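**Q** Take a look at this one; I'll ask things after.
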Amino acid sequence: MGRVNAFGDDFIAGALLGETALRLLWSAESKAVADSLEPMIPWSKGKEDLWIAMNRTTDAGKTLLWQALQGHFPNYLIETVRCVSAAKKKQEIADAVESAVACGATSGTDALTGFVLCVETRI
């Protein structure tokens with residue numbers, strides 16, 4: 001035991017993507033407000049703790065978290081955000097979410113949960 005479970009790795013990666021997406025997509029006024037907010041996972045403490053926690057996860061989890069902490073995310077998550085952003089119909093959103101959820105046993109679901117939680121609590 002003592003390892004971070006897969007839900008934690010994917011969830012955290014999704015939350016970090018949510019923070020990144022909000023900073024990139026908001027208008028200038030909203031972005032100024034967002035930049036003044038404390039990050040959901042502050043660099044100074046929380047992300048330092050994530051570096052430490054990476055010693056307790058799997059190699060795949062370490063890679064995922066390390067990449068996410070550097071601002072690099074799995075392609076399926078980036079594509080989901082792009083597809084949802086460009087969607088004109090509800091079915092297009094449903095298709096994008098379904099495609100993401102199909103990634104891994106629970107990875108897609110866990111990452112989307114982290115993403116949505118981050119976005120919903122920040123806007």
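In the structure tokens, chains take letters A, B, ... by order of appearance, with residues numbered from 1 within each chain and ligands from 1 in the order shown.
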Neighbours of Thr63 in chain A within 9 Å (only C-alpha atoms; same-chain residues fewer than 5 positions away dropped), as a list in words?
**A** Met54, Thr58 and Ala68 of chain A
**Q** Residues near range 14-22 of chain A, anyone? I mean within 7 Å using only C-alpha atoms, not counting same-chain ones fewer than 5 positions away, as an MDAnalysis selection string.
**A** chainID A and resid 68 73 111:112 114:115 118:119
**Q** Keeping only N, CA and C atoms, write the selected residues as a PDB file, in the first residue's frame.
**A**
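New file again.pdb:
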ATOM      1  N   ALA A  68       1.872  17.003 -15.922  1.00  0.00           N
ATOM      2  CA  ALA A  68       0.828  17.976 -15.586  1.00  0.00           C
ATOM      3  C   ALA A  68       1.395  19.156 -14.804  1.00  0.00           C
ATOM      4  N   PHE A  73      -0.424  17.974 -20.786  1.00  0.00           N
ATOM      5  CA  PHE A  73      -1.540  17.112 -20.429  1.00  0.00           C
ATOM      6  C   PHE A  73      -1.783  16.067 -21.507  1.00  0.00           C
ATOM      7  N   ALA A 111     -10.123  12.094 -14.547  1.00  0.00           N
ATOM      8  CA  ALA A 111      -9.531  13.347 -15.010  1.00  0.00           C
ATOM      9  C   ALA A 111     -10.614  14.386 -15.299  1.00  0.00           C
ATOM     10  N   LEU A 112     -11.692  13.973 -15.941  1.00  0.00           N
ATOM     11  CA  LEU A 112     -12.789  14.915 -16.207  1.00  0.00           C
ATOM     12  C   LEU A 112     -13.431  15.405 -14.922  1.00  0.00           C
ATOM     13  N   GLY A 114     -11.866  15.865 -12.058  1.00  0.00           N
ATOM     14  CA  GLY A 114     -10.948  16.884 -11.554  1.00  0.00           C
ATOM     15  C   GLY A 114     -11.065  18.179 -12.331  1.00  0.00           C
ATOM     16  N   PHE A 115     -11.175  18.072 -13.651  1.00  0.00           N
ATOM     17  CA  PHE A 115     -11.307  19.250 -14.504  1.00  0.00           C
ATOM     18  C   PHE A 115     -12.585  20.021 -14.174  1.00  0.00           C
ATOM     19  N   CYS A 118     -12.580  21.708 -10.713  1.00  0.00           N
ATOM     20  CA  CYS A 118     -11.750  22.913 -10.728  1.00  0.00           C
ATOM     21  C   CYS A 118     -12.486  24.063 -11.395  1.00  0.00           C
ATOM     22  N   VAL A 119     -13.028  23.811 -12.574  1.00  0.00           N
ATOM     23  CA  VAL A 119     -13.697  24.869 -13.340  1.00  0.00           C
ATOM     24  C   VAL A 119     -14.931  25.370 -12.595  1.00  0.00           C
TER      25      VAL A 119
END
**Q** From a backbone DSSP assignment, name each residue in range 50-82 of chain A labelled helix (DSSP H, G or I), as a PyMOL selection string.
**A** chain A and resi 50-56+59-69+75-82
**Q** Take the residues that were just selected and, keeping N, CA and C atoms, output them as a short mmCIF file (atom, residue, chain, number, x, y, z; two decimals), in the first residue's frame.
**A**
data_model
loop_
_atom_site.label_atom_id
_atom_site.label_comp_id
_atom_site.auth_asym_id
_atom_site.auth_seq_id
_atom_site.Cartn_x
_atom_site.Cartn_y
_atom_site.Cartn_z
N LEU A 50 2.89 17.60 -3.94
CA LEU A 50 2.66 16.65 -5.03
C LEU A 50 3.96 16.03 -5.48
N TRP A 51 5.04 16.82 -5.53
CA TRP A 51 6.34 16.27 -5.89
C TRP A 51 6.73 15.17 -4.90
N ILE A 52 6.49 15.42 -3.63
CA ILE A 52 6.82 14.44 -2.59
C ILE A 52 5.92 13.20 -2.74
N ALA A 53 4.63 13.43 -2.98
CA ALA A 53 3.69 12.32 -3.11
C ALA A 53 3.99 11.44 -4.32
N MET A 54 4.67 11.98 -5.30
CA MET A 54 4.96 11.18 -6.49
C MET A 54 5.82 9.97 -6.16
N ASN A 55 6.53 10.01 -5.06
CA ASN A 55 7.31 8.84 -4.65
C ASN A 55 6.42 7.71 -4.16
N ARG A 56 5.14 8.00 -3.94
CA ARG A 56 4.22 6.98 -3.43
C ARG A 56 3.24 6.50 -4.50
N ASP A 59 4.80 4.28 -11.53
CA ASP A 59 5.61 4.97 -12.53
C ASP A 59 4.74 5.74 -13.51
N ALA A 60 3.63 5.14 -13.92
CA ALA A 60 2.72 5.82 -14.84
C ALA A 60 2.13 7.07 -14.18
N GLY A 61 1.77 6.95 -12.90
CA GLY A 61 1.24 8.09 -12.16
C GLY A 61 2.27 9.19 -12.02
N LYS A 62 3.53 8.81 -11.77
CA LYS A 62 4.61 9.81 -11.66
C LYS A 62 4.75 10.58 -12.96
N THR A 63 4.72 9.86 -14.07
CA THR A 63 4.87 10.50 -15.37
C THR A 63 3.71 11.46 -15.63
N LEU A 64 2.49 11.01 -15.36
CA LEU A 64 1.31 11.85 -15.56
C LEU A 64 1.39 13.12 -14.72
N LEU A 65 1.69 12.98 -13.43
CA LEU A 65 1.76 14.14 -12.55
C LEU A 65 2.91 15.06 -12.91
N TRP A 66 4.07 14.49 -13.22
CA TRP A 66 5.22 15.31 -13.57
C TRP A 66 4.90 16.15 -14.80
N GLN A 67 4.30 15.52 -15.81
CA GLN A 67 3.92 16.25 -17.02
C GLN A 67 2.89 17.33 -16.72
N ALA A 68 1.87 17.00 -15.92
CA ALA A 68 0.83 17.98 -15.59
C ALA A 68 1.39 19.16 -14.80
N LEU A 69 2.32 18.89 -13.91
CA LEU A 69 2.94 19.98 -13.15
C LEU A 69 3.76 20.89 -14.05
N ASN A 75 -3.26 14.03 -24.46
CA ASN A 75 -3.93 14.52 -25.65
C ASN A 75 -5.45 14.36 -25.57
N TYR A 76 -5.92 13.24 -25.02
CA TYR A 76 -7.37 13.03 -24.96
C TYR A 76 -8.06 14.11 -24.13
N LEU A 77 -7.39 14.63 -23.09
CA LEU A 77 -8.00 15.70 -22.30
C LEU A 77 -8.01 17.02 -23.05
N ILE A 78 -6.92 17.31 -23.73
CA ILE A 78 -6.85 18.54 -24.52
C ILE A 78 -7.90 18.51 -25.62
N GLU A 79 -8.03 17.37 -26.29
CA GLU A 79 -9.04 17.23 -27.35
C GLU A 79 -10.45 17.37 -26.79
N THR A 80 -10.69 16.85 -25.61
CA THR A 80 -12.02 16.98 -24.99
C THR A 80 -12.35 18.45 -24.77
N VAL A 81 -11.40 19.20 -24.22
CA VAL A 81 -11.62 20.63 -23.97
C VAL A 81 -11.86 21.36 -25.30
N ARG A 82 -11.07 21.04 -26.31
CA ARG A 82 -11.25 21.68 -27.63
C ARG A 82 -12.62 21.37 -28.22
#
**Q** Could you jot down the CA of Phe11 in chain A to CA of Asp110 in chain A separation for me, Å, one decimal place?
**A**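 If I compute the distance from CA of Phe11 in chain A to CA of Asp110 in chain A, I get 4.9 Å.
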**Q** To one decimal place in Å, what is the distance between CA of Val116 in chain A and CA of Asp9 in chain A?
**A**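 Taking CA of Val116 in chain A as the start and CA of Asp9 in chain A as the end point, the length is 15.3 Å.
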**Q** Kindly indicate which residue among A:Cys103, A:Leu117, A:Ile12, A:Val97 lies nearest to Ser85 in chain A, using only C-alpha atoms for the distances.
**A**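 Among the listed residues, A:Val97 lies closest to Ser85 in chain A.
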